[in-house]
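Participant: Following this line is query_37.cif, made up of mmCIF, C-alpha atoms:
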data_run
loop_
_atom_site.label_atom_id
_atom_site.label_comp_id
_atom_site.auth_asym_id
_atom_site.auth_seq_id
_atom_site.Cartn_x
_atom_site.Cartn_y
_atom_site.Cartn_z
CA MET A 1 -43.03 -37.09 39.65
CA PRO A 2 -45.13 -39.77 37.87
CA THR A 3 -48.52 -38.61 36.70
CA THR A 4 -50.18 -41.64 38.28
CA ASP A 5 -49.27 -40.35 41.73
CA PRO A 6 -52.66 -40.18 43.44
CA ILE A 7 -51.68 -37.00 45.27
CA THR A 8 -50.86 -34.88 42.23
CA ARG A 9 -54.11 -35.62 40.43
CA PRO A 10 -56.56 -33.85 42.73
CA GLY A 11 -53.93 -31.17 43.19
CA ARG A 12 -53.77 -30.48 39.50
CA ARG A 13 -57.55 -30.58 39.16
CA ALA A 14 -57.88 -28.13 42.02
CA LEU A 15 -55.32 -25.88 40.35
CA LEU A 16 -57.23 -25.94 37.06
CA ALA A 17 -60.48 -25.24 38.87
CA GLY A 18 -58.80 -22.39 40.70
CA LEU A 19 -57.48 -20.93 37.46
CA ALA A 20 -60.90 -21.19 35.84
CA SER A 21 -62.58 -19.36 38.70
CA ALA A 22 -59.82 -16.75 38.76
CA ALA A 23 -60.44 -16.13 35.05
CA LEU A 24 -64.20 -15.85 35.70
CA LEU A 25 -63.58 -13.35 38.47
CA GLY A 26 -61.36 -11.34 36.18
CA LEU A 27 -58.28 -11.91 38.31
CA LEU A 28 -56.10 -12.99 35.41
CA PRO A 29 -54.54 -10.34 33.21
CA ARG A 30 -56.68 -9.48 30.23
CA PRO A 31 -55.24 -10.54 26.85
CA ALA A 32 -54.62 -6.89 25.91
CA ALA A 33 -52.56 -6.25 29.04
CA ALA A 34 -50.67 -9.51 28.56
CA ASP A 35 -49.96 -8.46 24.95
CA ALA A 36 -48.61 -5.09 26.04
CA ALA A 37 -46.39 -6.77 28.63
CA SER A 38 -44.94 -9.29 26.19
CA GLN A 39 -44.45 -6.60 23.53
CA ALA A 40 -42.66 -4.45 26.10
CA GLN A 41 -40.41 -7.36 27.07
CA ALA A 42 -39.61 -8.07 23.44
CA LEU A 43 -38.72 -4.41 22.93
CA VAL A 44 -36.40 -4.38 25.96
CA MET A 45 -34.70 -7.54 24.69
CA ALA A 46 -34.12 -5.89 21.31
CA ILE A 47 -32.75 -2.72 22.94
CA SER A 48 -30.51 -4.79 25.23
CA ALA A 49 -29.09 -6.74 22.31
CA ASP A 50 -28.31 -3.54 20.38
CA LEU A 51 -26.81 -1.84 23.44
CA THR A 52 -24.60 -4.83 24.27
CA LYS A 53 -23.36 -4.91 20.69
CA LEU A 54 -22.65 -1.17 20.71
CA VAL A 55 -20.86 -1.14 24.08
CA ASN A 56 -18.56 -3.96 22.95
CA SER A 57 -18.08 -2.65 19.40
CA GLY A 58 -14.78 -0.94 20.17
CA ARG A 59 -15.84 2.16 18.25
CA SER A 60 -14.38 5.60 18.86
CA GLU A 61 -16.14 7.83 21.40
CA ALA A 62 -17.61 10.09 18.75
CA GLN A 63 -19.04 7.14 16.81
CA LEU A 64 -20.31 5.60 20.03
CA TYR A 65 -22.29 8.72 20.96
CA ARG A 66 -23.70 8.99 17.44
CA ASP A 67 -24.79 5.35 17.35
CA PHE A 68 -26.24 5.57 20.83
CA GLU A 69 -28.21 8.62 19.79
CA GLY A 70 -29.54 6.57 16.89
CA LEU A 71 -30.73 3.89 19.32
CA LEU A 72 -32.42 6.54 21.47
CA ALA A 73 -34.25 7.93 18.46
CA ARG A 74 -35.33 4.48 17.33
CA TYR A 75 -36.39 2.91 20.63
CA ALA A 76 -37.41 5.82 22.87
CA ASP A 77 -40.18 8.37 22.38
CA MET A 78 -37.76 11.27 22.58
CA PRO A 79 -40.27 14.11 21.93
CA ALA A 80 -42.46 12.83 24.80
CA VAL A 81 -39.47 12.36 27.14
CA ALA A 82 -38.07 15.79 26.24
CA ALA A 83 -41.47 17.42 26.78
CA ALA A 84 -41.85 15.72 30.18
CA THR A 85 -38.44 17.00 31.33
CA LEU A 86 -39.17 20.56 30.20
CA GLY A 87 -42.53 20.70 32.00
CA PRO A 88 -44.60 23.92 31.83
CA ALA A 89 -42.08 25.63 29.52
CA TRP A 90 -42.93 23.05 26.82
CA ARG A 91 -46.50 24.36 26.56
CA GLY A 92 -45.27 27.90 26.03
CA ALA A 93 -42.72 26.94 23.34
CA SER A 94 -43.29 27.33 19.59
CA ALA A 95 -43.14 24.33 17.22
CA GLY A 96 -39.66 25.38 16.07
CA GLN A 97 -38.41 25.80 19.64
CA ARG A 98 -39.79 22.39 20.58
CA GLN A 99 -38.11 20.69 17.63
CA ALA A 100 -34.75 22.30 18.38
CA TYR A 101 -35.06 21.45 22.07
CA VAL A 102 -35.89 17.78 21.40
CA ALA A 103 -32.87 17.43 19.07
CA ALA A 104 -30.50 19.11 21.55
CA PHE A 105 -31.87 17.10 24.49
CA GLN A 106 -31.40 13.85 22.59
CA SER A 107 -27.73 14.57 21.84
CA TYR A 108 -27.11 15.74 25.40
CA LEU A 109 -28.64 12.53 26.78
CA ALA A 110 -26.67 10.33 24.38
CA ARG A 111 -23.43 11.91 25.47
CA LYS A 112 -24.20 11.98 29.19
CA TYR A 113 -25.14 8.31 29.37
CA GLY A 114 -22.73 7.21 26.65
CA ARG A 115 -19.88 8.42 28.89
CA GLN A 116 -20.71 5.58 31.31
CA PHE A 117 -20.48 2.87 28.64
CA GLY A 118 -16.92 1.92 29.56
CA GLU A 119 -18.32 0.51 32.81
CA TYR A 120 -20.53 -1.93 30.94
CA ARG A 121 -18.10 -3.74 28.69
CA ASN A 122 -18.67 -7.51 28.94
CA ALA A 123 -21.89 -6.88 30.86
CA SER A 124 -24.99 -8.91 30.10
CA ILE A 125 -28.58 -7.75 30.46
CA SER A 126 -31.38 -10.19 31.30
CA VAL A 127 -35.09 -9.57 31.65
CA THR A 128 -36.39 -10.72 35.05
CA GLY A 129 -40.04 -9.69 34.83
CA ALA A 130 -42.67 -7.22 33.71
CA ARG A 131 -45.38 -5.40 35.64
CA ASP A 132 -48.43 -3.57 34.37
CA ALA A 133 -48.39 0.09 35.39
CA GLY A 134 -51.79 1.07 33.92
CA LYS A 135 -51.72 4.40 32.08
CA ALA A 136 -47.99 4.76 32.78
CA GLY A 137 -47.33 1.67 30.61
CA VAL A 138 -45.41 -1.48 31.47
CA LEU A 139 -42.37 -1.72 33.73
CA VAL A 140 -39.91 -4.28 32.39
CA GLN A 141 -37.36 -5.32 35.01
CA THR A 142 -33.84 -6.30 34.01
CA VAL A 143 -30.61 -7.03 35.80
CA VAL A 144 -27.26 -5.97 34.40
CA VAL A 145 -24.57 -8.47 35.36
CA ARG A 146 -20.97 -7.25 35.20
CA PRO A 147 -18.13 -9.69 35.84
CA GLY A 148 -16.47 -9.00 39.20
CA GLN A 149 -18.80 -6.14 40.04
CA GLU A 150 -22.16 -5.67 41.74
CA ASN A 151 -25.29 -6.33 39.68
CA ILE A 152 -27.38 -3.33 38.70
CA ALA A 153 -31.19 -3.36 38.64
CA VAL A 154 -32.46 -1.48 35.58
CA ASP A 155 -36.19 -1.04 35.00
CA TRP A 156 -37.56 0.13 31.66
CA GLN A 157 -40.84 2.01 31.46
CA ILE A 158 -42.41 1.13 28.11
CA SER A 159 -45.54 2.77 26.71
CA ASP A 160 -47.46 2.24 23.47
CA ARG A 161 -49.41 5.49 23.80
CA SER A 162 -47.56 6.93 20.79
CA GLY A 163 -48.97 4.14 18.61
CA ARG A 164 -46.15 1.68 19.09
CA ALA A 165 -44.22 0.36 22.08
CA ARG A 166 -41.37 2.71 22.96
CA ALA A 167 -39.25 3.41 26.03
CA VAL A 168 -40.25 6.52 27.99
CA ASN A 169 -38.13 6.18 31.11
CA LEU A 170 -35.24 4.24 32.59
CA ILE A 171 -35.01 3.53 36.31
CA ILE A 172 -31.52 2.55 37.44
CA GLU A 173 -31.38 1.18 41.00
CA GLY A 174 -34.57 3.09 41.75
CA VAL A 175 -33.32 6.36 40.23
CA SER A 176 -35.61 7.66 37.49
CA LEU A 177 -33.85 9.23 34.53
CA LEU A 178 -36.93 11.36 33.91
CA ALA A 179 -36.97 12.74 37.47
CA ASN A 180 -33.24 13.49 37.41
CA GLU A 181 -33.28 15.11 33.98
CA ARG A 182 -36.34 17.19 34.87
CA ALA A 183 -34.35 18.58 37.83
CA GLU A 184 -31.25 19.13 35.68
CA VAL A 185 -33.12 20.77 32.80
CA GLY A 186 -35.05 22.87 35.33
CA ALA A 187 -31.79 24.09 36.89
CA MET A 188 -30.36 24.92 33.44
CA LEU A 189 -33.55 26.72 32.42
CA ASP A 190 -33.39 28.81 35.61
CA ALA A 191 -29.74 29.60 34.96
CA GLN A 192 -30.71 30.75 31.45
CA GLY A 193 -33.38 33.09 32.79
CA GLY A 194 -36.23 30.83 31.64
CA SER A 195 -35.34 31.12 27.92
CA VAL A 196 -35.96 27.87 26.03
CA ASP A 197 -33.68 29.04 23.19
CA ARG A 198 -30.77 29.61 25.54
CA LEU A 199 -31.49 26.31 27.31
CA THR A 200 -31.29 24.57 23.93
CA ALA A 201 -27.95 26.26 23.24
CA GLU A 202 -26.69 25.16 26.68
CA LEU A 203 -27.70 21.54 25.99
CA ARG A 204 -25.89 21.68 22.62
CA ALA A 205 -22.79 22.98 24.37
CA ARG A 206 -22.94 20.03 26.77
CA SER A 207 -23.31 17.40 24.03
CA MET B 208 -18.52 6.59 69.71
CA ARG B 209 -18.68 10.02 71.29
CA ILE B 210 -19.20 11.70 67.94
CA ALA B 211 -22.11 9.35 67.29
CA CYS B 212 -23.64 10.24 70.69
CA ILE B 213 -23.45 13.96 70.00
CA LEU B 214 -24.83 13.43 66.53
CA LEU B 215 -27.73 11.37 67.84
CA GLY B 216 -28.55 13.97 70.45
CA ALA B 217 -28.56 16.64 67.80
CA LEU B 218 -30.56 14.59 65.33
CA VAL B 219 -33.41 13.15 67.32
CA PRO B 220 -35.24 16.39 68.12
CA ALA B 221 -34.88 17.53 64.52
CA TRP B 222 -36.07 14.17 63.33
CA LEU B 223 -39.15 14.30 65.58
CA ALA B 224 -39.79 17.80 64.31
CA GLY B 225 -39.55 16.39 60.81
CA CYS B 226 -42.30 13.90 61.64
CA THR B 227 -44.82 16.61 62.35
CA ALA B 228 -44.38 18.11 58.89
CA ALA B 229 -45.72 14.82 57.40
CA PRO B 230 -44.39 15.19 53.84
CA ASP B 231 -45.75 13.12 50.99
CA PRO B 232 -43.67 9.98 51.44
CA ASN B 233 -42.78 9.87 47.77
CA SER B 234 -42.21 13.55 47.22
CA LEU B 235 -38.82 14.65 46.00
CA ASP B 236 -39.64 18.28 46.76
CA PHE B 237 -39.67 18.12 50.55
CA ASP B 238 -36.36 19.67 51.61
CA PRO B 239 -36.70 21.59 54.91
CA LEU B 240 -32.93 21.65 55.57
CA GLU B 241 -31.93 22.84 52.11
CA GLU B 242 -30.10 25.96 53.25
CA SER B 243 -27.64 24.24 55.61
CA ASN B 244 -27.45 21.19 53.34
CA ARG B 245 -26.23 23.32 50.44
CA VAL B 246 -23.43 24.75 52.57
CA ALA B 247 -22.37 21.24 53.60
CA HIS B 248 -22.66 20.10 49.98
CA GLU B 249 -20.24 22.71 48.65
CA ASN B 250 -17.74 21.86 51.39
CA ASN B 251 -18.16 18.13 50.77
CA LYS B 252 -17.44 18.59 47.07
CA GLN B 253 -14.19 20.36 47.87
CA ILE B 254 -13.18 17.70 50.38
CA ASP B 255 -14.07 14.97 47.88
CA LYS B 256 -12.08 16.58 45.09
CA ALA B 257 -9.05 17.17 47.33
CA ILE B 258 -9.04 13.94 49.36
CA PHE B 259 -11.67 11.24 48.85
CA GLN B 260 -11.61 11.05 45.05
CA PRO B 261 -7.81 10.86 44.67
CA VAL B 262 -7.48 8.43 47.61
CA ALA B 263 -10.24 6.22 46.19
CA ARG B 264 -8.66 6.21 42.73
CA THR B 265 -5.33 5.20 44.25
CA TYR B 266 -6.99 2.47 46.30
CA GLY B 267 -8.66 1.25 43.10
CA LYS B 268 -5.22 0.32 41.74
CA ILE B 269 -5.06 -2.53 44.26
CA PRO B 270 -6.12 -5.77 42.47
CA ALA B 271 -9.86 -6.41 42.66
CA PRO B 272 -9.61 -9.79 44.49
CA MET B 273 -7.72 -8.13 47.37
CA ARG B 274 -10.24 -5.32 47.62
CA LYS B 275 -12.97 -7.95 47.50
CA GLY B 276 -11.38 -9.72 50.49
CA VAL B 277 -11.55 -6.50 52.51
CA THR B 278 -15.20 -6.06 51.52
CA ASN B 279 -15.96 -9.68 52.48
CA LEU B 280 -14.39 -9.20 55.93
CA ARG B 281 -16.32 -6.02 56.60
CA TYR B 282 -19.61 -7.56 55.43
CA ASN B 283 -19.07 -10.69 57.51
CA TRP B 284 -18.60 -8.86 60.79
CA LYS B 285 -21.66 -6.72 60.15
CA LEU B 286 -23.79 -9.88 60.09
CA PRO B 287 -24.35 -10.30 63.88
CA GLY B 288 -25.84 -6.80 64.01
CA GLN B 289 -27.85 -7.49 60.88
CA ALA B 290 -29.27 -10.70 62.37
CA ILE B 291 -30.61 -8.56 65.22
CA GLN B 292 -32.11 -6.14 62.69
CA SER B 293 -33.83 -9.04 60.92
CA VAL B 294 -35.38 -10.04 64.26
CA LEU B 295 -36.53 -6.44 64.85
CA GLN B 296 -38.04 -6.53 61.35
CA MET B 297 -39.82 -9.78 62.30
CA ARG B 298 -38.30 -11.61 59.34
CA GLY B 299 -37.66 -15.18 60.47
CA THR B 300 -36.24 -16.63 57.26
CA GLN B 301 -33.92 -13.68 56.80
CA THR B 302 -32.67 -14.04 60.39
CA ALA B 303 -31.93 -17.74 59.87
CA GLU B 304 -30.16 -17.03 56.56
CA THR B 305 -28.03 -14.29 58.14
CA VAL B 306 -26.97 -16.54 61.03
CA THR B 307 -26.20 -19.43 58.65
CA ARG B 308 -24.22 -17.15 56.38
CA PHE B 309 -22.21 -15.85 59.33
CA MET B 310 -21.39 -19.40 60.53
CA ILE B 311 -20.36 -20.58 57.05
CA ASN B 312 -18.17 -17.59 56.19
CA THR B 313 -16.59 -17.33 59.64
CA SER B 314 -15.54 -21.00 59.51
CA LEU B 315 -15.15 -22.13 55.88
CA GLY B 316 -14.56 -18.56 54.71
CA LEU B 317 -11.58 -18.08 57.05
CA GLY B 318 -13.11 -15.49 59.31
CA GLY B 319 -15.02 -13.85 56.48
CA LEU B 320 -12.15 -13.24 54.06
CA LEU B 321 -13.84 -15.52 51.51
CA ASP B 322 -17.52 -15.74 50.69
CA PRO B 323 -18.44 -19.41 50.17
CA ALA B 324 -21.98 -18.74 51.49
CA ALA B 325 -22.82 -16.71 48.38
CA GLU B 326 -22.12 -19.74 46.20
CA MET B 327 -24.40 -21.78 48.44
CA GLY B 328 -27.26 -19.40 47.66
CA LEU B 329 -26.90 -17.10 50.66
CA PRO B 330 -25.66 -13.83 49.17
CA TYR B 331 -24.95 -10.75 51.29
CA ARG B 332 -27.98 -8.57 51.74
CA GLU B 333 -27.39 -5.45 53.75
CA THR B 334 -29.98 -4.50 56.33
CA ASN B 335 -29.60 -1.93 59.04
CA PHE B 336 -31.64 0.31 61.32
CA ASP B 337 -32.68 2.35 58.27
CA GLU B 338 -34.62 -0.66 56.97
CA THR B 339 -35.96 -1.52 60.44
CA PHE B 340 -37.29 2.04 60.74
CA GLU B 341 -38.88 1.70 57.31
CA VAL B 342 -40.54 -1.59 58.38
CA TRP B 343 -41.79 0.09 61.56
CA GLY B 344 -43.26 2.95 59.55
CA VAL B 345 -40.97 5.67 60.93
CA PRO B 346 -41.07 8.67 58.54
CA GLU B 347 -37.91 9.63 56.62
CA GLY B 348 -37.69 13.14 57.97
CA GLY B 349 -35.86 15.71 55.89
CA TYR B 350 -32.92 15.11 53.60
CA LEU B 351 -29.77 15.78 55.60
CA GLU B 352 -26.36 16.22 54.01
CA LEU B 353 -23.78 16.01 56.77
CA PRO B 354 -20.33 17.60 56.58
CA ILE B 355 -17.94 14.83 55.41
CA GLY B 356 -20.74 12.23 55.87
CA GLY B 357 -22.59 13.17 52.72
CA PRO B 358 -26.19 12.36 51.74
CA GLY B 359 -28.79 10.87 54.09
CA THR B 360 -32.10 11.62 55.74
CA GLN B 361 -32.75 12.44 59.39
CA ARG B 362 -34.01 8.88 59.79
CA ASP B 363 -31.02 7.33 57.98
CA TRP B 364 -28.42 9.20 59.99
CA THR B 365 -30.19 8.31 63.24
CA GLY B 366 -30.14 4.66 62.14
CA TRP B 367 -26.50 4.95 61.17
CA ALA B 368 -25.57 6.22 64.65
CA LEU B 369 -27.59 3.46 66.32
CA ASP B 370 -25.95 0.85 64.08
CA ILE B 371 -22.56 1.95 65.35
CA LEU B 372 -23.59 2.33 69.01
CA LEU B 373 -25.37 -0.99 69.23
CA ASP B 374 -23.14 -3.17 67.03
CA PRO B 375 -22.84 -6.41 69.08
CA VAL B 376 -19.39 -7.17 67.64
CA TYR B 377 -18.02 -3.89 68.96
CA LEU B 378 -19.67 -4.48 72.33
CA VAL B 379 -18.28 -8.02 72.74
CA ALA B 380 -14.98 -8.34 70.83
CA PRO B 381 -11.58 -7.34 72.31
CA ALA B 382 -10.14 -3.96 71.39
CA THR B 383 -7.46 -5.36 69.05
CA ALA B 384 -10.15 -7.05 66.96
CA THR B 385 -12.43 -4.01 66.84
CA ASN B 386 -9.48 -1.78 65.92
CA ALA B 387 -8.68 -4.10 63.02
CA LEU B 388 -12.34 -4.07 61.97
CA PHE B 389 -12.35 -0.28 62.11
CA GLY B 390 -9.36 -0.21 59.76
CA ILE B 391 -11.03 -2.67 57.40
CA GLY B 392 -14.23 -0.65 57.50
CA THR B 393 -12.36 2.53 56.60
CA LEU B 394 -10.62 0.85 53.65
CA ASP B 395 -13.91 -0.52 52.40
CA ILE B 396 -15.58 2.88 52.54
CA VAL B 397 -12.75 4.09 50.31
CA ASN B 398 -13.57 1.15 48.04
CA ASP B 399 -17.26 2.14 47.99
CA ARG B 400 -16.19 5.59 46.81
CA TYR B 401 -14.05 3.94 44.12
CA GLU B 402 -16.84 1.62 42.91
CA ILE B 403 -19.28 4.48 42.36
CA ASP B 404 -16.62 6.85 40.99
CA PRO B 405 -17.97 7.14 37.42
CA VAL B 406 -21.53 7.80 38.59
CA LEU B 407 -20.58 10.13 41.45
CA ASP B 408 -18.15 12.02 39.25
CA GLU B 409 -20.93 12.71 36.75
CA LEU B 410 -23.36 13.64 39.52
CA LEU B 411 -21.07 15.96 41.48
CA TYR B 412 -18.96 17.56 38.78
CA ASN B 413 -21.08 17.55 35.61
CA SER B 414 -24.51 18.47 36.93
CA ALA B 415 -26.16 21.83 36.49
CA ASP B 416 -27.27 21.58 40.13
CA SER B 417 -25.18 18.90 41.84
CA TYR B 418 -26.91 19.32 45.21
CA THR B 419 -30.34 18.51 43.78
CA ALA B 420 -28.96 15.81 41.49
CA GLN B 421 -27.37 14.01 44.42
CA ARG B 422 -30.33 14.59 46.73
CA ILE B 423 -33.00 13.16 44.42
CA SER B 424 -30.75 10.30 43.29
CA TYR B 425 -30.08 9.39 46.91
CA LEU B 426 -33.74 9.56 47.94
CA GLN B 427 -35.01 7.49 45.01
CA ASN B 428 -32.28 4.88 45.43
CA MET B 429 -32.83 4.63 49.20
CA ARG B 430 -36.59 4.20 48.77
CA ALA B 431 -36.21 1.50 46.11
CA ARG B 432 -33.63 -0.30 48.26
CA LEU B 433 -35.77 -0.26 51.41
CA GLN B 434 -39.04 -1.01 49.61
CA GLY B 435 -37.66 -3.84 47.47
CA GLY B 436 -37.59 -2.23 44.02
CA THR B 437 -39.38 0.34 41.88
CA ASP B 438 -42.90 1.14 43.03
CA VAL B 439 -45.08 0.75 39.91
CA GLY B 440 -47.72 3.04 41.44
CA GLN B 441 -45.20 5.90 41.42
CA LEU B 442 -44.45 5.76 37.68
CA GLU B 443 -45.49 8.89 35.93
CA ASP B 444 -47.69 9.08 32.87
CA VAL B 445 -45.30 10.70 30.40
CA TYR B 446 -48.16 11.56 28.02
CA ALA B 447 -50.31 13.31 30.65
CA ASP B 448 -49.42 16.83 29.46
CA TYR B 449 -47.86 16.07 26.13
#
Give the structure from the file, written as structure tokens.

Facilitator:
Amino acid sequence: MPTTDPITRPGRRALLAGLASAALLGLLPRPAAADAASQAQALVMAISADLTKLVNSGRSEAQLYRDFEGLLARYADMPAVAAATLGPAWRGASAGQRQAYVAAFQSYLARKYGRQFGEYRNASISVTGARDAGKAGVLVQTVVVRPGQENIAVDWQISDRSGRARAVNLIIEGVSLLANERAEVGAMLDAQGGSVDRLTAELRARS
Amino acid sequence: MRIACILLGALVPAWLAGCTAAPDPNSLDFDPLEESNRVAHENNKQIDKAIFQPVARTYGKIPAPMRKGVTNLRYNWKLPGQAIQSVLQMRGTQTAETVTRFMINTSLGLGGLLDPAAEMGLPYRETNFDETFEVWGVPEGGYLELPIGGPGTQRDWTGWALDILLDPVYLVAPATATNALFGIGTLDIVNDRYEIDPVLDELLYNSADSYTAQRISYLQNMRARLQGGTDVGQLEDVYADY
């Protein structure tokens, strides 16, 4: 539309005026929040690129799990995620028990989710938006497009509370990894009579 | 039909009873029917392993475009009922889109075998009584795993029965057509089982507690589906206790 159009001019002015008053009223996102959101999006794009490369790399299963575990360690705050899934038992565990549990949980997770990778060959991941979730961090929304199959909505919960932006949860079609793993780890802990050491051994056996 | 009637009669009182308990709508802990659900769950796993899983894997060998045609047909003939749901949900645009989609795919799409409407920007979007109940603010009730039926809530299963009882296509079309649609629907349910095979396999046969794993996955997925995505307000602060 030409800029000389008499209708667009007042419209644009009104829009600018509206934006200015919205900023005065504090309705626009603060620069800090906007920064966190764009950082979170950048992180998800980096993770997506690495994941896509890995899924299509044609590596052996064992290598795939190892590389995926490397990505988890690099991009996710695994100690925080592991602690959140263990719940009250984390507080009662010694430093050595915690360290062993985090390592075992990370391998278990890499294997469990790595097993599904075959489904995602030739898939592409695109970021569709980001929403501020306050103390919980930023929710970055993506859609995984697979040729000939239904799209999958994957949301990434990113937090910079550890000092840098890292993933703390993955929500696949509404299903929170954290919620599911808390239930799973809880069931395993019960089955092991509440012993964190035996739970750690069980996770190692499953990875 | 008769099974649905019996089911509905059995469900409604339980569902009303569920309303009085008023659980936290986002809680994953509320599970008043756990005891009977767990019995059904163990039986369902055995039935799945013996019948559904092998049948679905066999059906999956049929080329994808043919399976897609069956899915398209089933989806198309669900549209009249879904247009009514959109009206009940007071969603005007969605109603118009559903009607338009039905007219395009029934004519240009050869009775619904093909899906030209999707390419015109009118993709299939399932909506049933479960969503209408959500819009109306009807509580979920308890999680209810039915023998053979699998996961659901008291509200979802009530909606499911109503969807079948009140489907306008089944009320209007001749018996030969509805019998064919029933066959198509059955095949497509087998296809649904095939499509989610990797995820369901992991959930049912590799979980430490497969009942809970399936229950909380179902509830979270259903809520996100009916509420239009992840609720940011429900995200947990991972560092709260860490």

Participant: Expressed in Å to a single decimal, how great is the separation between CA of Gly163 (chain A) and CA of Gln99 (chain A)?

Facilitator: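 CA of Gln99 (chain A) lies 19.8 Å from CA of Gly163 (chain A).
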
Participant: Contacts from chain B to chain A, 7 Å maximum, all atoms listed in the file: show me the residue list as number ranges by chain.

Facilitator: B: 405, 414-416, 420, 424, 427-428, 431, 436-437, 439-440, 442-446, 449

Participant: Report, in Å with one decimal, the straight-line distance from CA of Phe117 (chain A) to CA of Ser207 (chain A).

Facilitator: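 These atoms are spaced 15.5 Å apart.
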
Participant: What does the distance from CA of Phe336 (chain B) to CA of Arg362 (chain B) come to in Å, to one decimal?

Facilitator: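 So the two atoms, CA of Phe336 (chain B) and CA of Arg362 (chain B), lie 9.0 Å apart.
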
Participant: In terms of the shortest atom-to-atom distance over only C-alpha atoms, which of A:Leu86, A:Lys53, A:Val102, A:Met45 is closest to Asp190 (chain A)?

Facilitator: A:Leu86

Participant: Between B:Thr339, B:Asn279, B:Thr302, B:Ser417, which has the minimum distance to Leu394 (chain B) (counting all atoms listed in the file)?

Facilitator: B:Asn279

Participant: List, as JSON, numbers by chain, every residue that the PyMOL selection byres ((chain A and resi 127) around 7) selects in the file provided.

Facilitator: {"A": [125, 126, 128, 129, 141, 142, 143]}

Participant: For the PyMOL selection byres ((chain A and resi 69-74) around 12), applied here, can you spell out every residue it catches as an MDAnalysis selection string?

Facilitator: chainID A and resid 43 46:54 62:68 75:82 102:114 164:170 207

Participant: Hey, which of B:Val397, B:Val342, B:Leu433, B:Ala257 ends up closest to Arg298 (chain B)? Count only C-alpha atoms.

Facilitator: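 Closest to Arg298 (chain B), using only C-alpha atoms: B:Val342.
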
Participant: For this structure, which residues satisfy the selection - the PyMOL selection byres ((chain B and resi 340) around 10) - when it is evaluated on the file as given? I want them as a PyMOL selection string.

Facilitator: chain B and resi 292+295-296+335-339+341-347+362-363+365-366+433

Participant: If you count all atoms listed in the file, which residues fall within 7 Å of region 318-332 of chain B, apart from same-chain ones fewer than 5 positions away, as a short mmCIF file (atom, residue, chain, number, x, y, z; two decimals) with C-alpha atoms, in the coordinates of the input?

Facilitator:
data_model
loop_
_atom_site.label_atom_id
_atom_site.label_comp_id
_atom_site.auth_asym_id
_atom_site.auth_seq_id
_atom_site.Cartn_x
_atom_site.Cartn_y
_atom_site.Cartn_z
CA GLY B 276 -11.38 -9.72 50.49
CA VAL B 277 -11.55 -6.50 52.51
CA ASN B 279 -15.96 -9.68 52.48
CA LEU B 280 -14.39 -9.20 55.93
CA ASN B 283 -19.07 -10.69 57.51
CA GLU B 304 -30.16 -17.03 56.56
CA ARG B 308 -24.22 -17.15 56.38
CA ILE B 311 -20.36 -20.58 57.05
CA ASN B 312 -18.17 -17.59 56.19
CA THR B 313 -16.59 -17.33 59.64
#

Participant: Counting only C-alpha atoms, find residues at most 9 Å from (-28.2, -7.4, 61.5) (file frame) and give them as a short mmCIF file (atom, residue, chain, number, x, y, z; two decimals) with C-alpha atoms, keeping the file's coordinate frame.

Facilitator:
data_model
loop_
_atom_site.label_atom_id
_atom_site.label_comp_id
_atom_site.auth_asym_id
_atom_site.auth_seq_id
_atom_site.Cartn_x
_atom_site.Cartn_y
_atom_site.Cartn_z
CA LYS B 285 -21.66 -6.72 60.15
CA LEU B 286 -23.79 -9.88 60.09
CA PRO B 287 -24.35 -10.30 63.88
CA GLY B 288 -25.84 -6.80 64.01
CA GLN B 289 -27.85 -7.49 60.88
CA ALA B 290 -29.27 -10.70 62.37
CA ILE B 291 -30.61 -8.56 65.22
CA GLN B 292 -32.11 -6.14 62.69
CA SER B 293 -33.83 -9.04 60.92
CA VAL B 294 -35.38 -10.04 64.26
CA THR B 302 -32.67 -14.04 60.39
CA THR B 305 -28.03 -14.29 58.14
CA GLU B 333 -27.39 -5.45 53.75
CA THR B 334 -29.98 -4.50 56.33
CA ASN B 335 -29.60 -1.93 59.04
CA PHE B 336 -31.64 0.31 61.32
CA ASP B 370 -25.95 0.85 64.08
CA ASP B 374 -23.14 -3.17 67.03
#

Participant: What lies within 8 Å of region 267-271 of chain B using only C-alpha atoms, ignoring chain neighbours under 4 positions off, as a PyMOL selection string?

Facilitator: (chain A and resi 148) or (chain B and resi 263+275+398+401)

Participant: Counting only C-alpha atoms, which residue out of A:Arg59, A:Arg98, A:Arg204, A:Arg182 sits closest to Ile423 (chain B)?

Facilitator: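 Of A:Arg59, A:Arg98, A:Arg204, A:Arg182, the one nearest Ile423 (chain B), counting only C-alpha atoms, is A:Arg182.
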